[in-house]
$ cat protein.cif   # mmCIF, C-alpha atoms and all ligand atoms
data_my_file
loop_
_atom_site.group_PDB
_atom_site.id
_atom_site.type_symbol
_atom_site.label_atom_id
_atom_site.label_comp_id
_atom_site.auth_asym_id
_atom_site.auth_seq_id
_atom_site.Cartn_x
_atom_site.Cartn_y
_atom_site.Cartn_z
ATOM 1 C CA MET G 164 0.000 0.000 0.000
ATOM 2 C CA LYS G 165 2.889 2.304 0.822
ATOM 3 C CA GLU G 166 4.167 1.703 -2.704
ATOM 4 C CA TYR G 167 0.830 2.756 -4.193
ATOM 5 C CA ILE G 168 0.709 6.058 -2.316
ATOM 6 C CA GLU G 169 4.350 6.677 -3.237
ATOM 7 C CA SER G 170 3.435 6.151 -6.885
ATOM 8 C CA LEU G 171 0.576 8.625 -6.651
ATOM 9 C CA ASN G 172 2.939 11.159 -5.128
ATOM 10 C CA TRP G 173 5.559 10.435 -7.796
ATOM 11 C CA ARG G 174 3.180 11.031 -10.677
ATOM 12 C CA TYR G 175 2.160 14.384 -12.058
ATOM 13 C CA ALA G 176 0.569 15.426 -15.313
ATOM 14 C CA ALA G 177 3.758 15.663 -17.388
ATOM 15 C CA LYS G 178 3.991 18.754 -19.580
ATOM 16 C CA LYS G 179 7.127 17.869 -21.539
ATOM 17 C CA TYR G 180 8.039 14.378 -22.711
ATOM 18 C CA ASP G 181 11.346 12.875 -23.701
ATOM 19 C CA ALA G 182 10.730 11.665 -27.247
ATOM 20 C CA ALA G 183 13.906 9.555 -27.083
ATOM 21 C CA LYS G 184 12.436 7.266 -24.406
ATOM 22 C CA LYS G 185 9.684 4.928 -25.460
ATOM 23 C CA VAL G 186 7.330 2.852 -23.310
ATOM 24 C CA SER G 187 8.069 -0.844 -23.978
ATOM 25 C CA LYS G 188 5.532 -3.118 -25.648
ATOM 26 C CA GLU G 189 5.439 -5.172 -22.447
ATOM 27 C CA ASP G 190 4.497 -2.145 -20.341
ATOM 28 C CA LEU G 191 1.972 -1.103 -22.966
ATOM 29 C CA GLU G 192 0.331 -4.534 -22.608
ATOM 30 C CA THR G 193 0.193 -4.096 -18.811
ATOM 31 C CA LEU G 194 -1.460 -0.700 -19.228
ATOM 32 C CA LYS G 195 -4.004 -2.207 -21.622
ATOM 33 C CA GLN G 196 -4.718 -5.087 -19.240
ATOM 34 C CA ALA G 197 -5.302 -2.613 -16.413
ATOM 35 C CA VAL G 198 -7.683 -0.524 -18.507
ATOM 36 C CA ARG G 199 -9.484 -3.715 -19.503
ATOM 37 C CA LEU G 200 -9.952 -4.590 -15.825
ATOM 38 C CA SER G 201 -11.261 -1.148 -14.942
ATOM 39 C CA VAL G 202 -14.638 -0.972 -13.232
ATOM 40 C CA SER G 203 -17.702 0.329 -15.036
ATOM 41 C CA SER G 204 -21.337 0.721 -14.091
ATOM 42 C CA VAL G 205 -23.110 -2.659 -14.428
ATOM 43 C CA GLY G 206 -19.875 -3.828 -16.118
ATOM 44 C CA LEU G 207 -21.007 -2.655 -19.544
ATOM 45 C CA GLN G 208 -17.717 -0.930 -20.482
ATOM 46 C CA PRO G 209 -19.547 1.373 -22.914
ATOM 47 C CA TYR G 210 -16.432 2.661 -24.623
ATOM 48 C CA LYS G 211 -13.524 1.743 -26.864
ATOM 49 C CA VAL G 212 -9.955 2.776 -26.305
ATOM 50 C CA PHE G 213 -7.778 3.746 -29.264
ATOM 51 C CA VAL G 214 -4.026 3.534 -28.788
ATOM 52 C CA VAL G 215 -2.295 5.889 -31.175
ATOM 53 C CA GLU G 216 1.228 4.870 -32.049
ATOM 54 C CA SER G 217 1.855 5.887 -35.665
ATOM 55 C CA ASP G 218 3.486 9.232 -36.329
ATOM 56 C CA GLU G 219 1.057 9.830 -39.161
ATOM 57 C CA MET G 220 -2.015 9.594 -36.914
ATOM 58 C CA ARG G 221 -0.246 11.378 -34.075
ATOM 59 C CA ASN G 222 0.521 14.339 -36.352
ATOM 60 C CA LYS G 223 -3.054 14.519 -37.575
ATOM 61 C CA LEU G 224 -4.482 14.431 -34.050
ATOM 62 C CA LYS G 225 -1.905 16.871 -32.734
ATOM 63 C CA THR G 226 -3.390 19.637 -34.856
ATOM 64 C CA ALA G 227 -6.759 19.110 -33.143
ATOM 65 C CA ALA G 228 -5.281 19.576 -29.666
ATOM 66 C CA GLY G 229 -4.815 22.875 -27.916
ATOM 67 C CA GLY G 230 -1.596 24.716 -26.933
ATOM 68 C CA ASN G 231 1.035 22.651 -25.164
ATOM 69 C CA ASN G 232 -1.052 19.485 -25.544
ATOM 70 C CA GLN G 233 0.323 19.400 -29.090
ATOM 71 C CA ASN G 234 3.878 18.944 -27.766
ATOM 72 C CA ILE G 235 2.680 16.314 -25.301
ATOM 73 C CA ILE G 236 1.068 14.330 -28.108
ATOM 74 C CA ALA G 237 4.156 14.739 -30.315
ATOM 75 C CA ASP G 238 6.774 13.583 -27.797
ATOM 76 C CA SER G 239 4.973 10.964 -25.685
ATOM 77 C CA SER G 240 5.117 7.259 -26.589
ATOM 78 C CA TYR G 241 1.415 6.536 -27.008
ATOM 79 C CA LEU G 242 -1.800 8.472 -26.977
ATOM 80 C CA PHE G 243 -4.846 6.752 -25.496
ATOM 81 C CA VAL G 244 -8.194 8.025 -26.778
ATOM 82 C CA PHE G 245 -11.132 6.996 -24.596
ATOM 83 C CA ALA G 246 -14.184 6.992 -26.834
ATOM 84 C CA ASN G 247 -17.585 6.547 -25.240
ATOM 85 C CA GLU G 248 -20.453 4.780 -26.988
ATOM 86 C CA LEU G 249 -23.148 7.142 -28.222
ATOM 87 C CA ASN G 250 -26.807 6.345 -27.755
ATOM 88 C CA VAL G 251 -25.999 3.024 -26.093
ATOM 89 C CA ASN G 252 -28.900 0.605 -26.578
ATOM 90 C CA ASP G 253 -30.142 -2.965 -26.273
ATOM 91 C CA THR G 254 -27.700 -4.186 -28.928
ATOM 92 C CA HIS G 255 -24.867 -3.319 -26.533
ATOM 93 C CA VAL G 256 -26.725 -4.911 -23.633
ATOM 94 C CA ASP G 257 -27.435 -8.113 -25.594
ATOM 95 C CA LYS G 258 -23.769 -8.417 -26.548
ATOM 96 C CA TYR G 259 -22.738 -7.958 -22.930
ATOM 97 C CA ILE G 260 -25.284 -10.475 -21.651
ATOM 98 C CA SER G 261 -24.184 -12.997 -24.254
ATOM 99 C CA THR G 262 -20.558 -12.527 -23.120
ATOM 100 C CA ILE G 263 -21.551 -13.083 -19.471
ATOM 101 C CA SER G 264 -23.423 -16.223 -20.405
ATOM 102 C CA GLN G 265 -20.436 -17.583 -22.373
ATOM 103 C CA VAL G 266 -17.676 -16.626 -19.930
ATOM 104 C CA ARG G 267 -19.574 -17.836 -16.861
ATOM 105 C CA ASP G 268 -21.175 -20.737 -18.695
ATOM 106 C CA VAL G 269 -24.711 -19.841 -17.656
ATOM 107 C CA ALA G 270 -27.882 -19.855 -19.720
ATOM 108 C CA PRO G 271 -28.901 -16.392 -21.012
ATOM 109 C CA GLU G 272 -32.241 -16.878 -19.199
ATOM 110 C CA ALA G 273 -30.344 -17.020 -15.908
ATOM 111 C CA VAL G 274 -29.182 -13.431 -16.473
ATOM 112 C CA LYS G 275 -32.441 -12.163 -17.937
ATOM 113 C CA GLY G 276 -33.276 -10.221 -14.766
ATOM 114 C CA PHE G 277 -29.932 -8.407 -14.979
ATOM 115 C CA SER G 278 -30.393 -7.788 -18.688
ATOM 116 C CA ASP G 279 -33.873 -6.335 -18.107
ATOM 117 C CA TYR G 280 -32.506 -4.172 -15.333
ATOM 118 C CA ILE G 281 -29.846 -2.630 -17.592
ATOM 119 C CA SER G 282 -32.296 -2.163 -20.485
ATOM 120 C CA GLY G 283 -34.796 -0.544 -18.125
ATOM 121 C CA TYR G 284 -32.152 1.796 -16.780
ATOM 122 C CA LEU G 285 -31.054 2.858 -20.250
ATOM 123 C CA ALA G 286 -34.662 3.309 -21.337
ATOM 124 C CA SER G 287 -35.151 5.749 -18.443
ATOM 125 C CA LEU G 288 -32.422 8.044 -19.800
ATOM 126 C CA THR G 289 -32.545 10.536 -22.633
ATOM 127 C CA GLU G 290 -29.943 10.142 -25.379
ATOM 128 C CA GLU G 291 -27.967 13.013 -23.875
ATOM 129 C CA GLN G 292 -28.070 11.440 -20.420
ATOM 130 C CA LYS G 293 -26.897 8.132 -21.855
ATOM 131 C CA ASN G 294 -23.976 9.835 -23.571
ATOM 132 C CA ILE G 295 -22.995 11.566 -20.335
ATOM 133 C CA TRP G 296 -23.253 8.234 -18.508
ATOM 134 C CA THR G 297 -21.023 6.413 -21.018
ATOM 135 C CA ALA G 298 -18.520 9.286 -20.962
ATOM 136 C CA LYS G 299 -18.343 9.003 -17.166
ATOM 137 C CA GLN G 300 -17.486 5.324 -17.484
ATOM 138 C CA SER G 301 -14.631 6.131 -19.846
ATOM 139 C CA TYR G 302 -13.204 8.593 -17.298
ATOM 140 C CA ILE G 303 -12.996 5.768 -14.763
ATOM 141 C CA ALA G 304 -10.950 3.777 -17.281
ATOM 142 C CA LEU G 305 -8.770 6.856 -17.776
ATOM 143 C CA SER G 306 -8.091 6.944 -14.052
ATOM 144 C CA THR G 307 -7.080 3.284 -14.077
ATOM 145 C CA LEU G 308 -4.608 4.021 -16.851
ATOM 146 C CA ILE G 309 -3.051 6.991 -15.044
ATOM 147 C CA ASN G 310 -2.663 5.180 -11.723
ATOM 148 C CA THR G 311 -1.309 1.989 -13.280
ATOM 149 C CA ALA G 312 1.213 4.011 -15.272
ATOM 150 C CA ALA G 313 2.385 5.615 -12.029
ATOM 151 C CA LEU G 314 2.981 2.189 -10.468
ATOM 152 C CA LEU G 315 5.135 1.348 -13.491
ATOM 153 C CA ARG G 316 6.898 4.717 -13.188
ATOM 154 C CA ILE G 317 5.538 5.704 -16.573
ATOM 155 C CA ASP G 318 4.412 9.279 -16.972
ATOM 156 C CA ALA G 319 0.955 10.151 -18.154
ATOM 157 C CA THR G 320 -1.046 13.252 -18.945
ATOM 158 C CA PRO G 321 -4.831 13.161 -18.976
ATOM 159 C CA MET G 322 -6.171 15.782 -21.379
ATOM 160 C CA GLU G 323 -9.472 17.410 -22.144
ATOM 161 C CA GLY G 324 -7.857 20.189 -24.159
ATOM 162 C CA PHE G 325 -8.639 18.881 -27.621
ATOM 163 C CA ASP G 326 -11.337 19.290 -30.239
ATOM 164 C CA ALA G 327 -13.501 16.188 -29.820
ATOM 165 C CA GLN G 328 -15.321 16.708 -33.108
ATOM 166 C CA GLU G 329 -12.024 16.853 -34.992
ATOM 167 C CA PHE G 330 -10.749 13.765 -33.173
ATOM 168 C CA ASN G 331 -13.977 11.969 -34.075
ATOM 169 C CA LYS G 332 -13.495 12.915 -37.703
ATOM 170 C CA ILE G 333 -9.814 11.963 -37.880
ATOM 171 C CA LEU G 334 -10.288 8.604 -36.117
ATOM 172 C CA GLY G 335 -13.554 7.831 -37.920
ATOM 173 C CA LEU G 336 -15.441 7.620 -34.632
ATOM 174 C CA ASP G 337 -18.691 9.108 -35.962
ATOM 175 C CA GLU G 338 -19.236 6.078 -38.181
ATOM 176 C CA LEU G 339 -18.608 3.792 -35.215
ATOM 177 C CA GLY G 340 -21.117 5.559 -32.953
ATOM 178 C CA LEU G 341 -18.298 6.712 -30.693
ATOM 179 C CA ASN G 342 -17.121 10.039 -29.313
ATOM 180 C CA ALA G 343 -13.666 11.033 -28.073
ATOM 181 C CA ALA G 344 -14.419 11.773 -24.410
ATOM 182 C CA VAL G 345 -10.964 12.195 -22.950
ATOM 183 C CA ILE G 346 -7.396 11.409 -23.981
ATOM 184 C CA ALA G 347 -4.155 10.544 -22.196
ATOM 185 C CA ALA G 348 -0.550 10.560 -23.313
ATOM 186 C CA VAL G 349 1.904 8.080 -21.791
ATOM 187 C CA GLY G 350 5.669 8.192 -22.013
ATOM 188 C CA TYR G 351 8.624 9.493 -20.045
ATOM 189 C CA ARG G 352 9.042 12.950 -18.583
ATOM 190 C CA HIS G 353 11.731 15.201 -20.031
ATOM 191 C CA GLU G 354 14.391 16.207 -17.541
ATOM 192 C CA GLU G 355 13.627 19.819 -18.453
ATOM 193 C CA ASP G 356 9.975 19.539 -17.440
ATOM 194 C CA ALA G 357 9.906 21.953 -14.511
ATOM 195 C CA MET G 358 6.522 20.679 -13.341
ATOM 196 C CA GLN G 359 8.103 17.470 -12.012
ATOM 197 C CA HIS G 360 9.620 19.530 -9.181
ATOM 198 C CA ALA G 361 6.379 21.275 -8.239
ATOM 199 C CA VAL G 362 4.967 20.304 -4.852
ATOM 200 C CA LYS G 363 1.705 18.428 -5.193
ATOM 201 C CA VAL G 364 -1.349 20.546 -4.399
ATOM 202 C CA ARG G 365 -4.315 18.682 -2.956
ATOM 203 C CA LYS G 366 -7.032 19.533 -0.449
ATOM 204 C CA PRO G 367 -6.173 18.464 3.086
ATOM 205 C CA LEU G 368 -7.878 15.247 4.246
ATOM 206 C CA GLU G 369 -10.020 17.198 6.748
ATOM 207 C CA GLU G 370 -11.395 19.353 3.974
ATOM 208 C CA LEU G 371 -11.869 16.568 1.471
ATOM 209 C CA PHE G 372 -13.482 13.967 3.713
ATOM 210 C CA VAL G 373 -16.597 14.175 5.777
ATOM 211 C CA THR G 374 -17.115 11.322 8.192
ATOM 212 C CA VAL G 375 -20.721 10.985 9.232
HETATM 213 C C1 LIG G 401 -9.965 15.035 -17.030
HETATM 214 C C2 LIG G 401 -8.672 15.789 -17.001
HETATM 215 C C3 LIG G 401 -8.347 16.662 -18.026
HETATM 216 C C4 LIG G 401 -7.109 17.316 -18.044
HETATM 217 N N1 LIG G 401 -6.760 18.085 -19.130
HETATM 218 C C5 LIG G 401 -5.483 18.527 -19.235
HETATM 219 C C6 LIG G 401 -5.024 19.119 -20.440
HETATM 220 O O1 LIG G 401 -5.747 19.270 -21.411
HETATM 221 N N2 LIG G 401 -3.713 19.510 -20.491
HETATM 222 C C7 LIG G 401 -2.855 19.346 -19.441
HETATM 223 O O2 LIG G 401 -1.680 19.715 -19.565
HETATM 224 N N3 LIG G 401 -3.272 18.790 -18.277
HETATM 225 C C8 LIG G 401 -4.556 18.355 -18.156
HETATM 226 N N4 LIG G 401 -4.973 17.742 -16.997
HETATM 227 C C9 LIG G 401 -4.032 17.593 -15.885
HETATM 228 C C10 LIG G 401 -4.483 18.326 -14.621
HETATM 229 O O3 LIG G 401 -4.346 19.706 -14.798
HETATM 230 C C11 LIG G 401 -3.678 17.793 -13.431
HETATM 231 O O4 LIG G 401 -3.914 16.419 -13.301
HETATM 232 C C12 LIG G 401 -4.050 18.516 -12.138
HETATM 233 O O5 LIG G 401 -3.678 19.869 -12.186
HETATM 234 C C13 LIG G 401 -3.421 17.871 -10.920
HETATM 235 O O6 LIG G 401 -2.025 17.878 -11.024
HETATM 236 P P1 LIG G 401 -1.139 16.559 -11.080
HETATM 237 O O7 LIG G 401 -1.864 15.573 -11.963
HETATM 238 O O8 LIG G 401 0.139 17.015 -11.721
HETATM 239 O O9 LIG G 401 -0.973 16.029 -9.703
HETATM 240 C C14 LIG G 401 -6.213 17.121 -16.961
HETATM 241 C C15 LIG G 401 -6.562 16.268 -15.919
HETATM 242 C C16 LIG G 401 -7.763 15.590 -15.935
HETATM 243 C C17 LIG G 401 -8.088 14.615 -14.826
#
$ encode --input "protein.cif" --output "structure tokens" --more "lines below"
Ligand SMILES: Cc1cc2nc3c(=O)[nH]c(=O)nc-3n(C[C@H](O)[C@H](O)[C@H](O)COP(=O)(O)O)c2cc1C
Amino acid sequence: MKEYIESLNWRYAAKKYDAAKKVSKEDLETLKQAVRLSVSSVGLQPYKVFVVESDEMRNKLKTAAGGNNQNIIADSSYLFVFANELNVNDTHVDKYISTISQVRDVAPEAVKGFSDYISGYLASLTEEQKNIWTAKQSYIALSTLINTAALLRIDATPMEGFDAQEFNKILGLDELGLNAAVIAAVGYRHEEDAMQHAVKVRKPLEELFVTV
């Protein structure tokens, strides 16, 4: 546990990456496994995660990011794009239920109550509410990525400073019923990144927590 808190203190949202240092394929796999294991409401995982590696795609996306985020995208090793499902519906639920039934070797009827529950919940939401809900789930996966990277002593920068519509266009997300909700660069901090020396600013425990 001590190691985990140390990792969270070690990490910061890197502002300048060392393009000469690249995250290994092995570490990339660990990051992907962690994101895969991330929690989501009812376990639906209503998102896809794009891992941008090619310079060609990186350069295209860079232009749709704001200010210094362009440098972050250029010099980091990989860019993760968390894309939430739009207008999630019973097709997604059916696929999920069929996966549960296969993986756990149970008849689909045995999970019908759960399936109905999810469908009922989705039916109670407007399209906009559903899109907000799926975006929230992708942010949880983002958090898993950031914290796992810290344990591996890999730097990461979560970013909202980008043009989602442009990202959707460049990555072809519109056609897939997806939307770029949030992105994160992973790589290694540059020794000249002054932010690595900044003292972490967080609310004190007494202010953050209310015990009732
Ligand atoms: C959802 C989200 C969006 C963020 N967007 C950006 C961004 O666009 N550019 C950036 O440099 N940092 C971005 N950050 C980093 C935060 O500013 C940073 O995490 C926060 O100030 C706390 O500092 P620390 O992470 O260095 O401890 C974002 C963080 C989160 C969680």
$ residues_around --input "protein.cif" --residues "Ile236 (chain G)" --least-positions-apart "6" --cutoff "8 Å" --atoms "all atoms listed in the file" --output "PyMOL selection string"
chain G and resi 221+225+242+348
$ axis_aligned_box --input "protein.cif" --around "region 297-301 of chain G" --padding-each-side "5 Å" --output "lines of an AutoDock Vina configuration file"
center_x = -17.8
center_y = 7.3
center_z = -19.1
size_x = 16.4
size_y = 14.0
size_z = 13.9
$ resolve_selection --input "protein.cif" --expression "the PyMOL selection byres (((chain G and resi 356) around 10) and not hetatm)" --output "list in words"
Ala177, Lys178, Lys179, Tyr180, Asp181, Arg352, His353, Glu354, Glu355, Ala357, Met358, Gln359 and His360 of chain G
$ resolve_selection --input "protein.cif" --expression "the PyMOL selection byres (((chain G and resi 195-210) around 8) and not hetatm)" --output "VMD selection string"
chain G and resid 191 to 194 211 to 212 245 to 248 251 255 to 256 259 281 297 to 298 300 to 301 303 to 305 307 to 308 311 341
$ resolve_selection --input "protein.cif" --expression "the PyMOL selection byres (((not hetatm)) within 9 of (chain G and resi 401))" --output "ChimeraX atom specification"
/G:171-178,228-232,235,302,305-306,319-325,345-347,358-359,361-365
$ atom_distance --input "protein.cif" --atom1 "CA of Asn342 (chain G)" --atom2 "CA of Val274 (chain G)"
29.3 Å
$ residues_around --input "protein.cif" --residues "Glu329 (chain G)" --least-positions-apart "6" --cutoff "10 Å" --atoms "all atoms listed in the file" --output "VMD selection string"
chain G and resid 223 to 224 226 to 228 335 to 336 343
$ closest_residue --input "protein.cif" --among "G:Ile333, G:Ala313, G:Leu249, G:Val266" --to "Asn222 (chain G)" --atoms "only C-alpha atoms"
G:Ile333
$ residues_around --input "protein.cif" --residues "Ala270 (chain G)" --least-positions-apart "6" --cutoff "10 Å" --atoms "only C-alpha atoms" --output "list in words"
Ile260, Ser261, Ile263 and Ser264 of chain G
$ closest_residue --input "protein.cif" --among "G:Val244, G:Leu288, G:Asp279, G:Arg316" --to "Leu334 (chain G)" --atoms "all atoms listed in the file"
G:Val244
$ atom_distance --input "protein.cif" --atom1 "CA of Ala312 (chain G)" --atom2 "CA of Ser170 (chain G)"
8.9 Å
$ closest_residue --input "protein.cif" --among "G:Leu371, G:Ile309, G:Leu314, G:Ala327" --to "Glu169 (chain G)" --atoms "all atoms listed in the file"
G:Leu314
$ atom_distance --input "protein.cif" --atom1 "CA of Trp296 (chain G)" --atom2 "CA of Val215 (chain G)"
24.6 Å
$ decode --input "protein.cif" --residues "region 260-290 of chain G" --atoms "N, CA and C atoms" --output "mmCIF file, in the first residue's frame"
data_model
loop_
_atom_site.group_PDB
_atom_site.id
_atom_site.type_symbol
_atom_site.label_atom_id
_atom_site.label_comp_id
_atom_site.auth_asym_id
_atom_site.auth_seq_id
_atom_site.Cartn_x
_atom_site.Cartn_y
_atom_site.Cartn_z
ATOM 1 N N ILE G 260 -24.619 -9.341 -22.314
ATOM 2 C CA ILE G 260 -25.284 -10.475 -21.651
ATOM 3 C C ILE G 260 -24.809 -11.789 -22.285
ATOM 4 N N SER G 261 -24.649 -11.778 -23.593
ATOM 5 C CA SER G 261 -24.184 -12.997 -24.254
ATOM 6 C C SER G 261 -22.751 -13.325 -23.818
ATOM 7 N N THR G 262 -21.925 -12.293 -23.606
ATOM 8 C CA THR G 262 -20.558 -12.527 -23.120
ATOM 9 C C THR G 262 -20.593 -13.116 -21.700
ATOM 10 N N ILE G 263 -21.449 -12.552 -20.850
ATOM 11 C CA ILE G 263 -21.551 -13.083 -19.471
ATOM 12 C C ILE G 263 -21.931 -14.562 -19.531
ATOM 13 N N SER G 264 -22.924 -14.852 -20.353
ATOM 14 C CA SER G 264 -23.423 -16.223 -20.405
ATOM 15 C C SER G 264 -22.346 -17.189 -20.914
ATOM 16 N N GLN G 265 -21.537 -16.732 -21.867
ATOM 17 C CA GLN G 265 -20.436 -17.583 -22.373
ATOM 18 C C GLN G 265 -19.323 -17.747 -21.341
ATOM 19 N N VAL G 266 -18.842 -16.601 -20.826
ATOM 20 C CA VAL G 266 -17.676 -16.626 -19.930
ATOM 21 C C VAL G 266 -17.992 -17.383 -18.635
ATOM 22 N N ARG G 267 -19.217 -17.193 -18.135
ATOM 23 C CA ARG G 267 -19.574 -17.836 -16.861
ATOM 24 C C ARG G 267 -20.321 -19.152 -17.067
ATOM 25 N N ASP G 268 -20.498 -19.487 -18.336
ATOM 26 C CA ASP G 268 -21.175 -20.737 -18.695
ATOM 27 C C ASP G 268 -22.543 -20.853 -18.015
ATOM 28 N N VAL G 269 -23.331 -19.817 -18.185
ATOM 29 C CA VAL G 269 -24.711 -19.841 -17.656
ATOM 30 C C VAL G 269 -25.675 -19.566 -18.814
ATOM 31 N N ALA G 270 -26.885 -20.082 -18.672
ATOM 32 C CA ALA G 270 -27.882 -19.855 -19.720
ATOM 33 C C ALA G 270 -28.280 -18.381 -19.736
ATOM 34 N N PRO G 271 -28.510 -17.805 -20.939
ATOM 35 C CA PRO G 271 -28.901 -16.392 -21.012
ATOM 36 C C PRO G 271 -30.138 -16.098 -20.148
ATOM 37 N N GLU G 272 -31.023 -17.102 -20.023
ATOM 38 C CA GLU G 272 -32.241 -16.878 -19.199
ATOM 39 C C GLU G 272 -31.877 -16.607 -17.740
ATOM 40 N N ALA G 273 -30.753 -17.196 -17.309
ATOM 41 C CA ALA G 273 -30.344 -17.020 -15.908
ATOM 42 C C ALA G 273 -29.936 -15.571 -15.619
ATOM 43 N N VAL G 274 -29.574 -14.833 -16.676
ATOM 44 C CA VAL G 274 -29.182 -13.431 -16.473
ATOM 45 C C VAL G 274 -30.219 -12.468 -17.074
ATOM 46 N N LYS G 275 -31.404 -13.001 -17.323
ATOM 47 C CA LYS G 275 -32.441 -12.163 -17.937
ATOM 48 C C LYS G 275 -32.838 -10.999 -17.020
ATOM 49 N N GLY G 276 -32.908 -11.280 -15.720
ATOM 50 C CA GLY G 276 -33.276 -10.221 -14.766
ATOM 51 C C GLY G 276 -32.284 -9.073 -14.849
ATOM 52 N N PHE G 277 -30.994 -9.408 -14.906
ATOM 53 C CA PHE G 277 -29.932 -8.407 -14.979
ATOM 54 C C PHE G 277 -30.036 -7.635 -16.295
ATOM 55 N N SER G 278 -30.263 -8.395 -17.364
ATOM 56 C CA SER G 278 -30.393 -7.788 -18.688
ATOM 57 C C SER G 278 -31.559 -6.790 -18.713
ATOM 58 N N ASP G 279 -32.695 -7.219 -18.138
ATOM 59 C CA ASP G 279 -33.873 -6.335 -18.107
ATOM 60 C C ASP G 279 -33.592 -5.086 -17.277
ATOM 61 N N TYR G 280 -32.831 -5.295 -16.211
ATOM 62 C CA TYR G 280 -32.506 -4.172 -15.333
ATOM 63 C C TYR G 280 -31.704 -3.118 -16.106
ATOM 64 N N ILE G 281 -30.694 -3.583 -16.836
ATOM 65 C CA ILE G 281 -29.846 -2.630 -17.592
ATOM 66 C C ILE G 281 -30.676 -1.942 -18.686
ATOM 67 N N SER G 282 -31.463 -2.746 -19.416
ATOM 68 C CA SER G 282 -32.296 -2.163 -20.485
ATOM 69 C C SER G 282 -33.257 -1.129 -19.922
ATOM 70 N N GLY G 283 -33.840 -1.467 -18.765
ATOM 71 C CA GLY G 283 -34.796 -0.544 -18.125
ATOM 72 C C GLY G 283 -34.114 0.750 -17.722
ATOM 73 N N TYR G 284 -32.898 0.612 -17.196
ATOM 74 C CA TYR G 284 -32.152 1.796 -16.780
ATOM 75 C C TYR G 284 -31.865 2.691 -17.990
ATOM 76 N N LEU G 285 -31.379 2.071 -19.054
ATOM 77 C CA LEU G 285 -31.054 2.858 -20.250
ATOM 78 C C LEU G 285 -32.303 3.516 -20.833
ATOM 79 N N ALA G 286 -33.407 2.774 -20.786
ATOM 80 C CA ALA G 286 -34.662 3.309 -21.337
ATOM 81 C C ALA G 286 -35.144 4.525 -20.540
ATOM 82 N N SER G 287 -34.702 4.621 -19.281
ATOM 83 C CA SER G 287 -35.151 5.749 -18.443
ATOM 84 C C SER G 287 -34.340 7.012 -18.722
ATOM 85 N N LEU G 288 -33.292 6.895 -19.533
ATOM 86 C CA LEU G 288 -32.422 8.044 -19.800
ATOM 87 C C LEU G 288 -32.678 8.620 -21.186
ATOM 88 N N THR G 289 -32.496 9.931 -21.302
ATOM 89 C CA THR G 289 -32.545 10.536 -22.633
ATOM 90 C C THR G 289 -31.233 10.177 -23.339
ATOM 91 N N GLU G 290 -31.178 10.437 -24.638
ATOM 92 C CA GLU G 290 -29.943 10.142 -25.379
ATOM 93 C C GLU G 290 -28.766 10.926 -24.779
#
